[in-house]
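**Q** Pasting a structure here, questions to come.
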Amino acid sequence: MMNGAAKTVIVLTGASGGIGQALARELAKPGIYIALVARDEKRLQPLLDSIKSQGADGEIAAIDIRDRERLHQYLHDLDERYPIEIVIANAGVTAGLGSNRTRETDADSDRQIDVNYRGVVNTVAGAIDGMQFRKSGQVVLVSSLAGMRALPDMPSYSATKAAVIAYGHSLRGWLKPFGISVTILCPGFVTTPMSARHKGAKPFEMPADKAARMMRQAIEKKKSFYAFPFMLALGIRLQNLLPPKIGDLFLGGFEAEIEQDPRYRETADN
Ligand SMILES: NC(=O)c1ccc[n+]([C@@H]2O[C@H](COP(=O)([O-])OP(=O)(O)OC[C@H]3O[C@@H](n4cnc5c(N)ncnc54)[C@H](OP(=O)(O)O)[C@@H]3O)[C@@H](O)[C@H]2O)c1
């Protein structure tokens, strides 16, 4: 059972990554219990120590969010021990085109669909039953500005992030009568291992701790949709008002090559 000090229980996927670590530290304070989820336990342990030194409590769960059965089993077990109040589906992966702008590999395309979309659905589905029963909770989905305006060099990434936005809008309507709020977050370029592999212009790039602060504030305010930084999000909103062929003219500066993700082997099953 929950100890006396812990009040708000948060599940955070992708906790070992740039945004995940920054967000965990940003959220950590006495009364907060964070379940840190990612595949790599070695990178989660120091983070757990760090949030404990900030007065928070928590645990680590080395789980691949593509493994629905294992993830659901873990989340149901966690929810019995520590009723989940907030689930933050943050884990994600990127990939881009092949060399000389050839197509994405099938493995890259599948992996992005499996982690960025199916993994998000697995995460939410595993956490929602208890919230619905208790009639309280918050679902936070980390999408991307690329989900609002697709980047030409990142087809599957953009599509999965757009899918997460659509999924979030649907969840909001479905879950509102159950007292569960939904917050969709769309960051621009944030300095992390993921963006380090993004070789191209990254206008308005911001440090992960600054992004995490803005994300925490949006979560606390229970915003339905928060896209940032403001200027880039505004530019995309205006671009989306134009006919697509005209709007595309403004995408000229966004060519990018995405380096291979070292955490995934180059095989069809990864
Ligand atoms: N950085 C940016 O500029 C930017 C901009 C917009 C949106 N975003 C989004 O923000 C989120 C975090 O990105 P980031 O920049 O922090 O990336 P990152 O540093 O590469 O971290 C990605 C995180 O996802 C986890 N992950 C990857 N595959 C997983 C799997 N199959 N199962 C469980 N966890 C998995 C990784 O941990 P393991 O490898 O240990 O599993 C890691 O913790 C992503 O959804 C990304 O799309 C980032």
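Ligands are numbered from 1 in the order shown, residues from 1 within each chain, and chains are lettered A, B, ... in the order they appear in the structure tokens.
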Could you produce a table of the residues of chain A lying within 8 Å of ligand 1, with the nearest pair of atoms per residue and their separation in Å rounded to one decimal, using only C-alpha atoms and all ligand atoms, ordered by chain and increasing residue number, as a Markdown table?
**A**
```
| residue | atom | partner | partner_atom_place_in_ligand_line | distance |
| --- | --- | --- | --- | --- |
| A:Thr13 | CA | ligand 1 | 34 (N) | 6.1 |
| A:Gly14 | CA | ligand 1 | 43 (O) | 3.2 |
| A:Ala15 | CA | ligand 1 | 43 (O) | 4.6 |
| A:Ser16 | CA | ligand 1 | 43 (O) | 3.6 |
| A:Gly17 | CA | ligand 1 | 21 (O) | 3.3 |
| A:Gly18 | CA | ligand 1 | 16 (O) | 3.7 |
| A:Ile19 | CA | ligand 1 | 16 (O) | 3.7 |
| A:Gly20 | CA | ligand 1 | 16 (O) | 5.4 |
| A:Gln21 | CA | ligand 1 | 16 (O) | 7.6 |
| A:Val37 | CA | ligand 1 | 33 (C) | 6.6 |
| A:Ala38 | CA | ligand 1 | 34 (N) | 3.9 |
| A:Arg39 | CA | ligand 1 | 41 (O) | 3.6 |
| A:Asp40 | CA | ligand 1 | 40 (O) | 3.7 |
| A:Glu41 | CA | ligand 1 | 40 (O) | 7.1 |
| A:Arg43 | CA | ligand 1 | 40 (O) | 7.0 |
| A:Leu44 | CA | ligand 1 | 40 (O) | 8.0 |
| A:Ala62 | CA | ligand 1 | 40 (O) | 7.8 |
| A:Ile63 | CA | ligand 1 | 33 (C) | 5.9 |
| A:Asp64 | CA | ligand 1 | 32 (N) | 3.5 |
| A:Ile65 | CA | ligand 1 | 32 (N) | 4.0 |
| A:Arg66 | CA | ligand 1 | 31 (N) | 5.5 |
| A:Ala89 | CA | ligand 1 | 45 (O) | 7.6 |
| A:Asn90 | CA | ligand 1 | 45 (O) | 4.7 |
| A:Ala91 | CA | ligand 1 | 24 (O) | 3.6 |
| A:Gly92 | CA | ligand 1 | 45 (O) | 3.5 |
| A:Val93 | CA | ligand 1 | 27 (C) | 5.6 |
| A:Thr94 | CA | ligand 1 | 47 (O) | 6.7 |
| A:Asp114 | CA | ligand 1 | 31 (N) | 7.9 |
| A:Val115 | CA | ligand 1 | 31 (N) | 5.3 |
| A:Asn116 | CA | ligand 1 | 45 (O) | 6.6 |
| A:Gly119 | CA | ligand 1 | 31 (N) | 7.3 |
| A:Val142 | CA | ligand 1 | 45 (O) | 5.5 |
| A:Ser143 | CA | ligand 1 | 7 (C) | 5.6 |
| A:Ser144 | CA | ligand 1 | 7 (C) | 4.1 |
| A:Leu145 | CA | ligand 1 | 6 (C) | 6.3 |
| A:Ala146 | CA | ligand 1 | 6 (C) | 7.2 |
| A:Tyr157 | CA | ligand 1 | 47 (O) | 7.8 |
| A:Lys161 | CA | ligand 1 | 47 (O) | 7.4 |
| A:Cys186 | CA | ligand 1 | 6 (C) | 6.3 |
| A:Pro187 | CA | ligand 1 | 6 (C) | 4.4 |
| A:Gly188 | CA | ligand 1 | 5 (C) | 4.8 |
| A:Phe189 | CA | ligand 1 | 3 (O) | 3.6 |
| A:Val190 | CA | ligand 1 | 3 (O) | 3.7 |
| A:Thr191 | CA | ligand 1 | 1 (N) | 5.7 |
| A:Thr192 | CA | ligand 1 | 15 (O) | 4.7 |
| A:Pro193 | CA | ligand 1 | 19 (O) | 4.4 |
| A:Met194 | CA | ligand 1 | 20 (O) | 3.9 |
| A:Ser195 | CA | ligand 1 | 1 (N) | 4.7 |
| A:Glu205 | CA | ligand 1 | 3 (O) | 7.5 |
| A:Ala208 | CA | ligand 1 | 1 (N) | 7.8 |
| A:Arg263 | CA | ligand 1 | 39 (O) | 5.7 |
| A:Tyr264 | CA | ligand 1 | 39 (O) | 7.9 |
```
**Q** Could you write out that same residue set with N, CA and C atoms as a short mmCIF file (atom, residue, chain, number, x, y, z; two decimals), in the first residue's frame?
**A**
```cif
data_model
loop_
_atom_site.label_atom_id
_atom_site.label_comp_id
_atom_site.auth_asym_id
_atom_site.auth_seq_id
_atom_site.Cartn_x
_atom_site.Cartn_y
_atom_site.Cartn_z
N THR A 13 6.59 7.12 -19.10
CA THR A 13 7.35 6.26 -20.02
C THR A 13 8.43 7.09 -20.72
N GLY A 14 9.44 6.41 -21.22
CA GLY A 14 10.57 7.13 -21.83
C GLY A 14 11.33 7.92 -20.79
N ALA A 15 11.32 7.40 -19.55
CA ALA A 15 11.89 8.15 -18.43
C ALA A 15 13.41 8.27 -18.51
N SER A 16 14.04 7.36 -19.27
CA SER A 16 15.50 7.40 -19.33
C SER A 16 16.02 8.36 -20.40
N GLY A 17 15.13 8.93 -21.21
CA GLY A 17 15.56 9.79 -22.30
C GLY A 17 15.73 11.24 -21.86
N GLY A 18 16.04 12.10 -22.83
CA GLY A 18 16.33 13.50 -22.52
C GLY A 18 15.15 14.22 -21.89
N ILE A 19 14.00 14.17 -22.54
CA ILE A 19 12.82 14.85 -22.00
C ILE A 19 12.31 14.11 -20.77
N GLY A 20 12.31 12.78 -20.81
CA GLY A 20 11.81 11.99 -19.68
C GLY A 20 12.57 12.28 -18.40
N GLN A 21 13.89 12.30 -18.48
CA GLN A 21 14.70 12.56 -17.27
C GLN A 21 14.42 13.97 -16.74
N VAL A 37 9.46 4.32 -16.43
CA VAL A 37 9.40 3.19 -17.37
C VAL A 37 10.29 3.48 -18.59
N ALA A 38 11.13 2.52 -18.94
CA ALA A 38 11.90 2.52 -20.20
C ALA A 38 12.52 1.13 -20.26
N ARG A 39 13.22 0.82 -21.34
CA ARG A 39 13.78 -0.52 -21.43
C ARG A 39 15.06 -0.67 -20.63
N ASP A 40 15.83 0.41 -20.55
CA ASP A 40 17.19 0.33 -20.02
C ASP A 40 17.25 0.66 -18.51
N GLU A 41 17.27 -0.41 -17.72
CA GLU A 41 17.25 -0.26 -16.26
C GLU A 41 18.45 0.54 -15.74
N ARG A 43 19.94 3.02 -16.95
CA ARG A 43 19.79 4.48 -17.05
C ARG A 43 18.67 4.99 -16.15
N LEU A 44 17.82 4.07 -15.68
CA LEU A 44 16.70 4.50 -14.82
C LEU A 44 17.13 4.61 -13.35
N ALA A 62 11.73 -1.75 -16.06
CA ALA A 62 12.40 -1.94 -17.35
C ALA A 62 11.48 -2.73 -18.28
N ILE A 63 10.69 -2.01 -19.04
CA ILE A 63 9.68 -2.66 -19.89
C ILE A 63 9.71 -2.02 -21.28
N ASP A 64 9.58 -2.86 -22.29
CA ASP A 64 9.41 -2.38 -23.66
C ASP A 64 7.91 -2.12 -23.85
N ILE A 65 7.55 -0.88 -24.16
CA ILE A 65 6.11 -0.56 -24.24
C ILE A 65 5.43 -1.25 -25.41
N ARG A 66 6.20 -1.89 -26.29
CA ARG A 66 5.59 -2.68 -27.36
C ARG A 66 5.07 -4.01 -26.83
N ALA A 89 2.55 9.39 -21.39
CA ALA A 89 3.06 8.54 -22.47
C ALA A 89 4.06 9.37 -23.27
N ASN A 90 5.33 9.24 -22.89
CA ASN A 90 6.38 10.09 -23.45
C ASN A 90 7.36 9.33 -24.34
N ALA A 91 7.48 8.01 -24.15
CA ALA A 91 8.48 7.25 -24.92
C ALA A 91 8.24 7.41 -26.41
N GLY A 92 9.32 7.56 -27.16
CA GLY A 92 9.18 7.68 -28.60
C GLY A 92 10.50 7.46 -29.31
N VAL A 93 10.43 7.19 -30.59
CA VAL A 93 11.64 6.98 -31.40
C VAL A 93 11.50 7.74 -32.72
N THR A 94 12.65 8.06 -33.32
CA THR A 94 12.64 8.71 -34.64
C THR A 94 13.48 7.92 -35.63
N ASP A 114 5.09 1.10 -34.04
CA ASP A 114 4.93 0.23 -32.87
C ASP A 114 5.23 0.96 -31.55
N VAL A 115 6.26 1.80 -31.54
CA VAL A 115 6.60 2.49 -30.28
C VAL A 115 5.75 3.76 -30.13
N ASN A 116 5.73 4.59 -31.17
CA ASN A 116 5.13 5.93 -31.03
C ASN A 116 3.61 5.90 -31.01
N GLY A 119 2.59 1.81 -28.84
CA GLY A 119 3.13 1.88 -27.48
C GLY A 119 2.36 2.87 -26.61
N VAL A 142 2.67 12.75 -25.20
CA VAL A 142 3.72 13.58 -25.79
C VAL A 142 3.76 13.31 -27.30
N SER A 143 3.22 14.26 -28.04
CA SER A 143 3.28 14.20 -29.50
C SER A 143 4.45 15.06 -29.96
N SER A 144 4.24 15.91 -30.95
CA SER A 144 5.33 16.73 -31.50
C SER A 144 4.71 17.77 -32.44
N LEU A 145 5.43 18.87 -32.66
CA LEU A 145 4.97 19.82 -33.69
C LEU A 145 4.92 19.12 -35.05
N ALA A 146 5.76 18.08 -35.23
CA ALA A 146 5.74 17.32 -36.50
C ALA A 146 4.42 16.60 -36.70
N TYR A 157 7.46 9.10 -38.67
CA TYR A 157 7.48 9.82 -37.40
C TYR A 157 6.33 10.82 -37.36
N LYS A 161 2.98 10.78 -34.86
CA LYS A 161 2.72 11.88 -33.93
C LYS A 161 1.36 12.52 -34.21
N CYS A 186 2.80 19.10 -27.56
CA CYS A 186 3.52 19.09 -28.84
C CYS A 186 4.76 19.96 -28.74
N PRO A 187 5.89 19.35 -28.34
CA PRO A 187 7.13 20.13 -28.28
C PRO A 187 7.71 20.38 -29.68
N GLY A 188 8.48 21.46 -29.78
CA GLY A 188 9.31 21.69 -30.96
C GLY A 188 10.65 21.00 -30.72
N PHE A 189 11.74 21.62 -31.16
CA PHE A 189 13.06 20.99 -31.02
C PHE A 189 13.59 21.16 -29.59
N VAL A 190 13.89 20.03 -28.97
CA VAL A 190 14.39 20.02 -27.59
C VAL A 190 15.74 19.30 -27.60
N THR A 191 16.72 19.84 -26.89
CA THR A 191 18.06 19.24 -26.90
C THR A 191 18.08 17.94 -26.10
N THR A 192 18.16 16.82 -26.80
CA THR A 192 18.15 15.49 -26.17
C THR A 192 18.94 14.55 -27.10
N PRO A 193 19.20 13.31 -26.66
CA PRO A 193 19.84 12.36 -27.57
C PRO A 193 19.06 12.20 -28.88
N MET A 194 17.72 12.29 -28.81
CA MET A 194 16.93 12.15 -30.04
C MET A 194 17.23 13.29 -31.00
N SER A 195 17.22 14.53 -30.50
CA SER A 195 17.43 15.66 -31.41
C SER A 195 18.88 15.75 -31.86
N GLU A 205 15.37 25.75 -30.94
CA GLU A 205 15.69 24.59 -30.08
C GLU A 205 15.87 25.05 -28.64
N ALA A 208 16.37 20.74 -22.51
CA ALA A 208 15.34 19.81 -22.01
C ALA A 208 14.73 20.29 -20.69
N ARG A 263 20.17 2.68 -29.97
CA ARG A 263 19.53 1.77 -29.02
C ARG A 263 18.69 0.70 -29.71
N TYR A 264 18.60 0.78 -31.04
CA TYR A 264 17.87 -0.25 -31.77
C TYR A 264 18.81 -0.90 -32.79
#
```
**Q** Extract, using only C-alpha atoms, all DNA, RNA and protein residues at most 12 Å from Arg213 in chain A, discarding same-chain residues fewer than 5 positions from it, and format them as a VMD selection string.
**A** chain A and resid 19 to 28 187 206 to 208 218 to 220 228
**Q** May I ask which of the residues A:Glu69, A:Ile84, A:Leu75, A:Leu249 is the closest one to Tyr33 in chain A, counting only C-alpha atoms?
**A** A:Ile84
**Q** Could you pull out all residues of range 108-153 of chain A with a DSSP call of strand (DSSP E or B) and give them as a ChimeraX atom specification?
**A** /A:137-142
**Q** Residues near Arg68 in chain A, anyone? I mean within 10 Å using only C-alpha atoms, not counting same-chain ones fewer than 4 positions away, as a list in words.
**A**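 Returned residues: Ile63, Asp64, His72, Gln73, Tyr74, Arg118, Gly119, Val121, Asn122, Thr123, Ala125 and Gly126 of chain A.
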**Q** With only C-alpha atoms as the atoms that count, which of A:Arg149, A:Arg216, A:Arg172, A:Lys223 lies nearest to Gly235 in chain A?
**A**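 The answer is A:Arg149, which sits nearest to Gly235 in chain A.
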